[in-house]
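Enquirer: Just one file: protein.cif, with mmCIF, C-alpha atoms and all ligand atoms.
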```
data_input
loop_
_atom_site.label_atom_id
_atom_site.label_comp_id
_atom_site.auth_asym_id
_atom_site.auth_seq_id
_atom_site.Cartn_x
_atom_site.Cartn_y
_atom_site.Cartn_z
CA MET A 1 -84.82 -110.81 85.15
CA SER A 2 -81.31 -112.15 84.40
CA ASP A 3 -78.46 -111.33 86.77
CA GLY A 4 -77.02 -108.88 84.25
CA VAL A 5 -73.33 -108.64 83.47
CA VAL A 6 -70.40 -107.45 85.53
CA VAL A 7 -68.29 -105.09 83.41
CA VAL A 8 -64.74 -104.40 84.57
CA VAL A 9 -62.98 -101.69 82.58
CA GLY A 10 -59.21 -102.08 82.78
CA ALA A 11 -59.11 -105.75 83.75
CA THR A 12 -56.22 -107.27 81.79
CA ALA A 13 -53.93 -106.64 84.78
CA GLY A 14 -53.80 -105.56 88.40
CA LEU A 15 -56.76 -104.73 90.60
CA GLY A 16 -59.40 -104.75 87.86
CA LYS A 17 -58.30 -108.24 86.84
CA GLU A 18 -58.60 -109.49 90.45
CA VAL A 19 -62.11 -108.05 90.84
CA ALA A 20 -63.05 -109.70 87.52
CA ARG A 21 -61.53 -112.97 88.78
CA HIS A 22 -63.79 -112.82 91.85
CA TYR A 23 -66.96 -112.44 89.77
CA ALA A 24 -65.84 -115.03 87.18
CA GLY A 25 -65.32 -117.45 90.08
CA ALA A 26 -68.86 -116.70 91.28
CA ASP A 27 -70.15 -117.85 87.87
CA ARG A 28 -71.27 -114.37 86.82
CA ASP A 29 -71.28 -113.13 83.23
CA VAL A 30 -68.18 -110.93 83.23
CA VAL A 31 -67.04 -108.55 80.49
CA ILE A 32 -63.46 -107.32 80.83
CA THR A 33 -61.73 -104.60 78.84
CA GLY A 34 -58.22 -103.53 77.90
CA ARG A 35 -56.80 -101.78 74.85
CA ASP A 36 -55.59 -104.76 72.85
CA GLU A 37 -58.06 -107.31 71.50
CA ALA A 38 -55.69 -110.30 71.62
CA ARG A 39 -54.61 -109.49 75.19
CA VAL A 40 -58.23 -109.06 76.29
CA LYS A 41 -59.14 -112.46 74.84
CA GLU A 42 -56.12 -114.11 76.45
CA VAL A 43 -57.04 -112.75 79.91
CA ALA A 44 -60.75 -113.59 79.45
CA ASP A 45 -59.71 -117.19 78.68
CA GLU A 46 -57.43 -117.22 81.73
CA LEU A 47 -60.20 -115.96 84.04
CA GLY A 48 -62.54 -118.58 82.60
CA GLY A 49 -66.16 -119.15 83.57
CA LYS A 50 -68.43 -116.88 81.53
CA THR A 51 -65.83 -114.16 80.93
CA THR A 52 -65.69 -112.36 77.60
CA GLY A 53 -63.73 -109.33 76.51
CA VAL A 54 -64.04 -106.05 74.65
CA ALA A 55 -61.14 -103.87 73.46
CA LEU A 56 -61.44 -100.15 74.07
CA ASP A 57 -59.13 -97.22 74.76
CA LEU A 58 -60.35 -94.93 77.55
CA SER A 59 -58.18 -92.11 76.22
CA ARG A 60 -60.24 -92.16 72.99
CA PRO A 61 -63.70 -91.52 74.46
CA ASN A 62 -65.42 -90.98 71.11
CA GLU A 63 -64.89 -94.66 70.26
CA ILE A 64 -66.15 -96.12 73.56
CA ALA A 65 -69.89 -96.32 72.81
CA ASP A 66 -69.30 -98.35 69.64
CA ALA A 67 -66.96 -100.72 71.45
CA LEU A 68 -69.57 -101.39 74.17
CA ARG A 69 -72.52 -101.84 71.79
CA GLY A 70 -72.65 -105.63 72.23
CA VAL A 71 -72.72 -105.57 76.06
CA GLY A 72 -76.04 -106.62 77.66
CA ASP A 73 -77.79 -105.37 80.84
CA VAL A 74 -75.17 -104.20 83.32
CA HIS A 75 -75.57 -105.11 86.99
CA ARG A 76 -72.12 -104.14 88.23
CA LEU A 77 -69.70 -101.70 86.58
CA VAL A 78 -66.10 -101.29 87.76
CA LEU A 79 -63.92 -98.52 86.33
CA ALA A 80 -60.29 -99.39 87.04
CA GLY A 81 -58.23 -98.68 83.89
CA VAL A 82 -55.20 -96.45 84.21
CA GLN A 83 -52.10 -95.49 82.25
CA ARG A 84 -50.08 -93.43 84.70
CA ASP A 85 -47.96 -90.48 83.68
CA GLN A 86 -44.90 -89.20 85.55
CA ASN A 87 -45.60 -85.51 85.70
CA THR A 88 -43.95 -82.75 87.66
CA MET A 89 -44.33 -79.00 87.36
CA ARG A 90 -40.73 -78.54 86.21
CA GLY A 91 -40.99 -81.13 83.46
CA TYR A 92 -44.67 -80.89 82.63
CA ASP A 93 -45.60 -83.22 79.75
CA VAL A 94 -48.84 -81.85 78.34
CA ASP A 95 -49.59 -84.82 76.07
CA ALA A 96 -49.19 -87.35 78.89
CA ALA A 97 -51.34 -85.22 81.19
CA ILE A 98 -54.09 -84.86 78.57
CA ARG A 99 -54.05 -88.63 77.99
CA LEU A 100 -54.45 -89.44 81.70
CA VAL A 101 -57.02 -86.74 82.47
CA THR A 102 -59.04 -87.84 79.46
CA LEU A 103 -58.72 -91.53 80.32
CA LYS A 104 -59.92 -91.25 83.94
CA LEU A 105 -62.31 -88.34 83.91
CA VAL A 106 -63.78 -88.26 80.40
CA GLY A 107 -63.24 -91.94 79.49
CA TYR A 108 -64.78 -93.27 82.72
CA THR A 109 -67.74 -90.88 82.36
CA GLU A 110 -68.27 -91.86 78.74
CA VAL A 111 -68.34 -95.56 79.69
CA VAL A 112 -71.22 -94.79 82.09
CA HIS A 113 -72.94 -92.65 79.46
CA ALA A 114 -72.56 -95.33 76.79
CA LEU A 115 -74.06 -97.98 79.10
CA MET A 116 -76.86 -95.86 80.59
CA ASP A 117 -79.60 -97.62 78.63
CA ARG A 118 -78.36 -100.94 80.07
CA LEU A 119 -78.05 -99.90 83.74
CA ARG A 120 -80.96 -100.84 86.00
CA ASP A 121 -82.26 -99.37 89.25
CA ASP A 122 -80.39 -102.04 91.24
CA SER A 123 -77.10 -101.61 89.35
CA SER A 124 -74.02 -100.26 91.07
CA ILE A 125 -70.84 -98.58 89.87
CA LEU A 126 -67.42 -98.57 91.54
CA ILE A 127 -64.76 -96.08 90.47
CA PHE A 128 -61.08 -96.53 91.32
CA GLY A 129 -59.25 -93.45 92.58
CA GLY A 130 -56.16 -93.71 94.74
CA LEU A 131 -54.48 -92.13 97.72
CA ALA A 132 -52.00 -90.14 95.65
CA LYS A 133 -55.02 -87.86 96.13
CA GLU A 134 -53.88 -87.17 99.72
CA HIS A 135 -50.19 -88.08 99.37
CA PRO A 136 -48.57 -86.42 96.37
CA TYR A 137 -45.23 -88.04 95.39
CA PRO A 138 -42.62 -86.89 92.84
CA GLY A 139 -44.31 -87.26 89.45
CA SER A 140 -47.89 -87.57 90.80
CA MET A 141 -49.02 -84.14 89.54
CA THR A 142 -51.73 -85.53 87.23
CA VAL A 143 -52.50 -88.66 89.27
CA THR A 144 -53.13 -86.59 92.42
CA THR A 145 -55.38 -84.24 90.47
CA ILE A 146 -57.49 -86.89 88.75
CA ASN A 147 -58.02 -88.85 91.96
CA HIS A 148 -59.71 -85.79 93.44
CA GLY A 149 -61.73 -85.67 90.20
CA VAL A 150 -62.93 -89.21 90.93
CA ASP A 151 -64.71 -87.93 94.05
CA GLY A 152 -66.39 -85.22 91.97
CA LEU A 153 -67.48 -87.87 89.50
CA VAL A 154 -68.96 -90.02 92.29
CA ARG A 155 -70.97 -87.11 93.64
CA SER A 156 -72.25 -86.03 90.21
CA LEU A 157 -73.13 -89.56 89.13
CA THR A 158 -74.80 -90.40 92.47
CA PHE A 159 -77.03 -87.37 91.97
CA GLU A 160 -77.69 -87.91 88.26
CA LEU A 161 -78.18 -91.69 88.26
CA ALA A 162 -80.17 -92.22 91.49
CA PRO A 163 -81.27 -94.80 92.55
CA ILE A 164 -78.23 -96.45 90.94
CA ARG A 165 -75.44 -96.56 93.54
CA VAL A 166 -72.06 -95.04 92.71
CA ASN A 167 -68.99 -95.29 94.99
CA ALA A 168 -65.24 -94.67 94.91
CA ILE A 169 -62.46 -96.78 96.35
CA HIS A 170 -59.12 -95.12 97.07
CA PRO A 171 -56.40 -97.74 97.56
CA GLY A 172 -53.14 -96.95 99.26
CA ILE A 173 -49.98 -98.60 97.96
CA VAL A 174 -51.00 -102.13 96.93
CA GLU A 175 -47.88 -104.15 97.65
CA ASP A 176 -48.54 -107.19 95.44
CA SER A 177 -50.04 -105.28 92.49
CA PRO A 178 -47.99 -105.51 89.26
CA PHE A 179 -47.31 -101.76 89.24
CA TRP A 180 -45.27 -102.02 92.46
CA GLY A 181 -43.43 -105.21 91.46
CA GLY A 182 -39.69 -104.90 92.21
CA LYS A 183 -39.93 -101.40 93.77
CA THR A 184 -38.69 -102.73 97.11
CA GLU A 185 -37.10 -99.55 98.42
CA ALA A 186 -40.20 -97.42 97.77
CA LEU A 187 -42.42 -100.11 99.31
CA ASP A 188 -40.28 -100.23 102.46
CA GLY A 189 -40.58 -96.45 102.80
CA HIS A 190 -44.37 -96.53 102.41
CA ARG A 191 -44.75 -99.50 104.79
CA ALA A 192 -42.90 -97.56 107.49
CA ARG A 193 -45.59 -94.87 107.24
CA THR A 194 -48.62 -97.10 107.89
CA THR A 195 -50.11 -97.52 111.36
CA THR A 196 -50.41 -101.30 110.80
CA GLY A 197 -46.81 -101.81 109.66
CA ARG A 198 -48.10 -103.56 106.54
CA LEU A 199 -49.18 -102.50 103.07
CA VAL A 200 -52.49 -103.18 101.34
CA GLN A 201 -52.78 -106.47 99.43
CA MET A 202 -54.80 -107.01 96.23
CA GLN A 203 -57.20 -109.32 98.08
CA ASP A 204 -57.98 -106.49 100.55
CA ILE A 205 -59.01 -104.34 97.60
CA VAL A 206 -61.12 -107.10 96.04
CA ASP A 207 -62.92 -107.67 99.36
CA ALA A 208 -63.64 -103.96 99.81
CA ALA A 209 -64.65 -103.52 96.15
CA VAL A 210 -67.13 -106.39 96.29
CA MET A 211 -68.61 -105.06 99.53
CA MET A 212 -69.14 -101.64 97.96
CA LEU A 213 -70.60 -103.10 94.79
CA GLU A 214 -72.99 -105.43 96.63
CA ASN A 215 -74.08 -103.64 99.82
CA PRO A 216 -77.37 -101.86 98.98
CA SER A 217 -76.80 -99.12 101.58
CA ILE A 218 -73.34 -97.98 100.46
CA VAL A 219 -73.99 -94.92 98.32
CA GLY A 220 -71.71 -92.05 97.32
CA ALA A 221 -68.91 -93.38 99.53
CA GLU A 222 -65.26 -92.50 99.03
CA LEU A 223 -63.49 -95.31 100.86
CA ARG A 224 -59.81 -95.26 101.80
CA VAL A 225 -58.29 -98.75 101.92
CA ASP A 226 -54.74 -97.97 102.93
CA ALA A 227 -53.59 -100.04 105.95
CA GLY A 228 -53.40 -96.83 107.97
CA TRP A 229 -51.19 -94.87 105.57
CA SER A 230 -53.27 -91.69 105.91
CA LEU A 231 -53.11 -91.41 109.67
CA PRO A 232 -50.30 -89.64 111.50
CA LEU A 233 -48.02 -92.03 113.37
N1 LIG B 301 -51.73 -100.51 92.23
C1 LIG B 301 -51.83 -99.63 93.22
O1 LIG B 301 -51.06 -99.65 94.20
C2 LIG B 301 -52.90 -98.58 93.16
C3 LIG B 301 -52.92 -97.62 94.19
C4 LIG B 301 -53.89 -96.64 94.16
C5 LIG B 301 -54.83 -96.60 93.13
N2 LIG B 301 -54.78 -97.53 92.14
C6 LIG B 301 -55.81 -97.44 91.12
O2 LIG B 301 -56.39 -98.71 90.91
C7 LIG B 301 -56.72 -98.89 89.53
C8 LIG B 301 -56.02 -100.12 88.99
O3 LIG B 301 -54.62 -99.92 89.14
P1 LIG B 301 -53.57 -101.09 88.85
O4 LIG B 301 -52.29 -100.70 89.46
O5 LIG B 301 -54.19 -102.38 89.22
O6 LIG B 301 -53.47 -100.97 87.27
P2 LIG B 301 -52.50 -101.71 86.21
O7 LIG B 301 -51.97 -102.99 86.79
O8 LIG B 301 -51.54 -100.70 85.71
O9 LIG B 301 -53.57 -102.11 85.07
C9 LIG B 301 -54.16 -101.09 84.35
C10 LIG B 301 -55.29 -101.62 83.50
O10 LIG B 301 -55.79 -100.51 82.74
C11 LIG B 301 -55.78 -100.85 81.35
N3 LIG B 301 -55.50 -99.65 80.57
C12 LIG B 301 -54.35 -98.93 80.53
N4 LIG B 301 -54.49 -97.89 79.69
C13 LIG B 301 -55.76 -97.97 79.20
C14 LIG B 301 -56.49 -97.17 78.27
N5 LIG B 301 -55.96 -96.08 77.70
N6 LIG B 301 -57.75 -97.53 77.98
C15 LIG B 301 -58.29 -98.63 78.54
N7 LIG B 301 -57.67 -99.41 79.44
C16 LIG B 301 -56.40 -99.08 79.75
C17 LIG B 301 -54.69 -101.91 81.23
O11 LIG B 301 -54.97 -102.74 80.13
P3 LIG B 301 -54.10 -102.79 78.77
O12 LIG B 301 -52.70 -102.38 79.09
O13 LIG B 301 -54.25 -104.23 78.35
O14 LIG B 301 -54.80 -101.83 77.85
C18 LIG B 301 -54.86 -102.69 82.53
O15 LIG B 301 -55.89 -103.64 82.40
C19 LIG B 301 -56.29 -97.61 88.81
O16 LIG B 301 -57.40 -96.78 88.64
C20 LIG B 301 -55.27 -97.01 89.75
O17 LIG B 301 -55.21 -95.61 89.63
C21 LIG B 301 -53.84 -98.52 92.14
#
```
Give the structure from the file, written as structure tokens.
Expert:
Amino acid sequence: MSDGVVVVVGATAGLGKEVARHYAGADRDVVITGRDEARVKEVADELGGKTTGVALDLSRPNEIADALRGVGDVHRLVLAGVQRDQNTMRGYDVDAAIRLVTLKLVGYTEVVHALMDRLRDDSSILIFGGLAKEHPYPGSMTVTTINHGVDGLVRSLTFELAPIRVNAIHPGIVEDSPFWGGKTEALDGHRARTTTGRLVQMQDIVDAAVMMLENPSIVGAELRVDAGWSLPL
């Protein structure tokens, strides 16, 4: 049996890209996705090794199965794509909320559904949530909600897909991720609230993600990787 491919959905930037970089460096067949075909190709070339790319939009779930038709047997599947909204109750933007809820909860699920005939008993799936789940911030209305949905997805998929392993990783604030670039004041505030006095780094997330994807006894886990952000000081 071949090793099967590592599919990373949402890997043209940020944490998905770093997980894809790890597997590309380990000489695995990696398939990355993003919305724009040219960008996906550019990043696949940058990651090198046996990396190829597929363009798909998670907020358009009806088109996902077609986009993934050419992907082979899937050994590892990482669901990391996100397009955050800034949603509060006072200024609730319904369209932005629908896009994000669809992207994470329906889009992620449809990726798994579309690939079901290519998952094997020893495959594993890792879903990215985030600790806005426990720590709402101004504008996190939808993000907080969907990250709780990720745990529901893990439980449902673990039950439905057994013996395939499904897990969730919930990063805290990842200091060196592109999303937080330049937001020094906010980062300082979050750092002051961690027990370790530091913030999570992208490599910490890659290490934890790979452990969850590879360890055959980690099943249905919802792992916080937050440098101690969740604990009272
Ligand atoms: N960074 C953090 O501090 C942090 C903290 C907690 C949780 N997280 C979670 O970790 C995951 C990765 O976050 P990140 O900050 O690394 O992300 P990011 O840098 O914003 O990258 C997002 C990725 O998702 C893709 N994407 C965006 N909209 C998409 C759509 N509609 N359909 C398909 N792909 C789409 C982007 O590709 P294109 O733009 O090329 O389409 C890009 O590859 C997310 O699930 C996020 O919620 C991150």
Enquirer: Would you mind listing the residues within 7 Å of ligand LIG 301 (chain B), counting all atoms listed in the file, as JSON, numbers by chain?
Expert: {"A": [9, 10, 11, 12, 13, 14, 15, 16, 17, 33, 34, 35, 36, 39, 40, 56, 57, 58, 59, 80, 81, 82, 83, 103, 128, 129, 130, 131, 132, 170, 171, 172, 173, 174, 175, 177, 178, 179, 180]}
Enquirer: Which one is closest to Met89 (chain A): A:Ile125, A:Met141, A:Val71, A:Ala20? Count all atoms listed in the file.
Expert: A:Met141
Enquirer: Smallest atom-to-atom distance to Gly4 (chain A): which of A:Ser123, A:Thr88, A:Ser140, A:Thr109, using only C-alpha atoms?
Expert: A:Ser123
Enquirer: Of the residues A:Val143, A:Val219, A:Leu119, A:Met211, which is the one nearest to Phe159 (chain A), using only C-alpha atoms?
Expert: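 Using only C-alpha atoms, Phe159 (chain A) sits closest to A:Val219.
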Enquirer: Could you give me, as a count of residues only, the residues within 8 Å of Val19 (chain A), counting all atoms listed in the file and dropping anything in the same chain fewer than 3 positions from it?
Expert: 8
Enquirer: Counting all atoms listed in the file, which of A:Asp176, A:Met116, A:Trp229, A:Gln201 gets nearest to Gly189 (chain A)?
Expert: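 Comparing A:Asp176, A:Met116, A:Trp229, A:Gln201 against Gly189 (chain A), the winner is A:Trp229.
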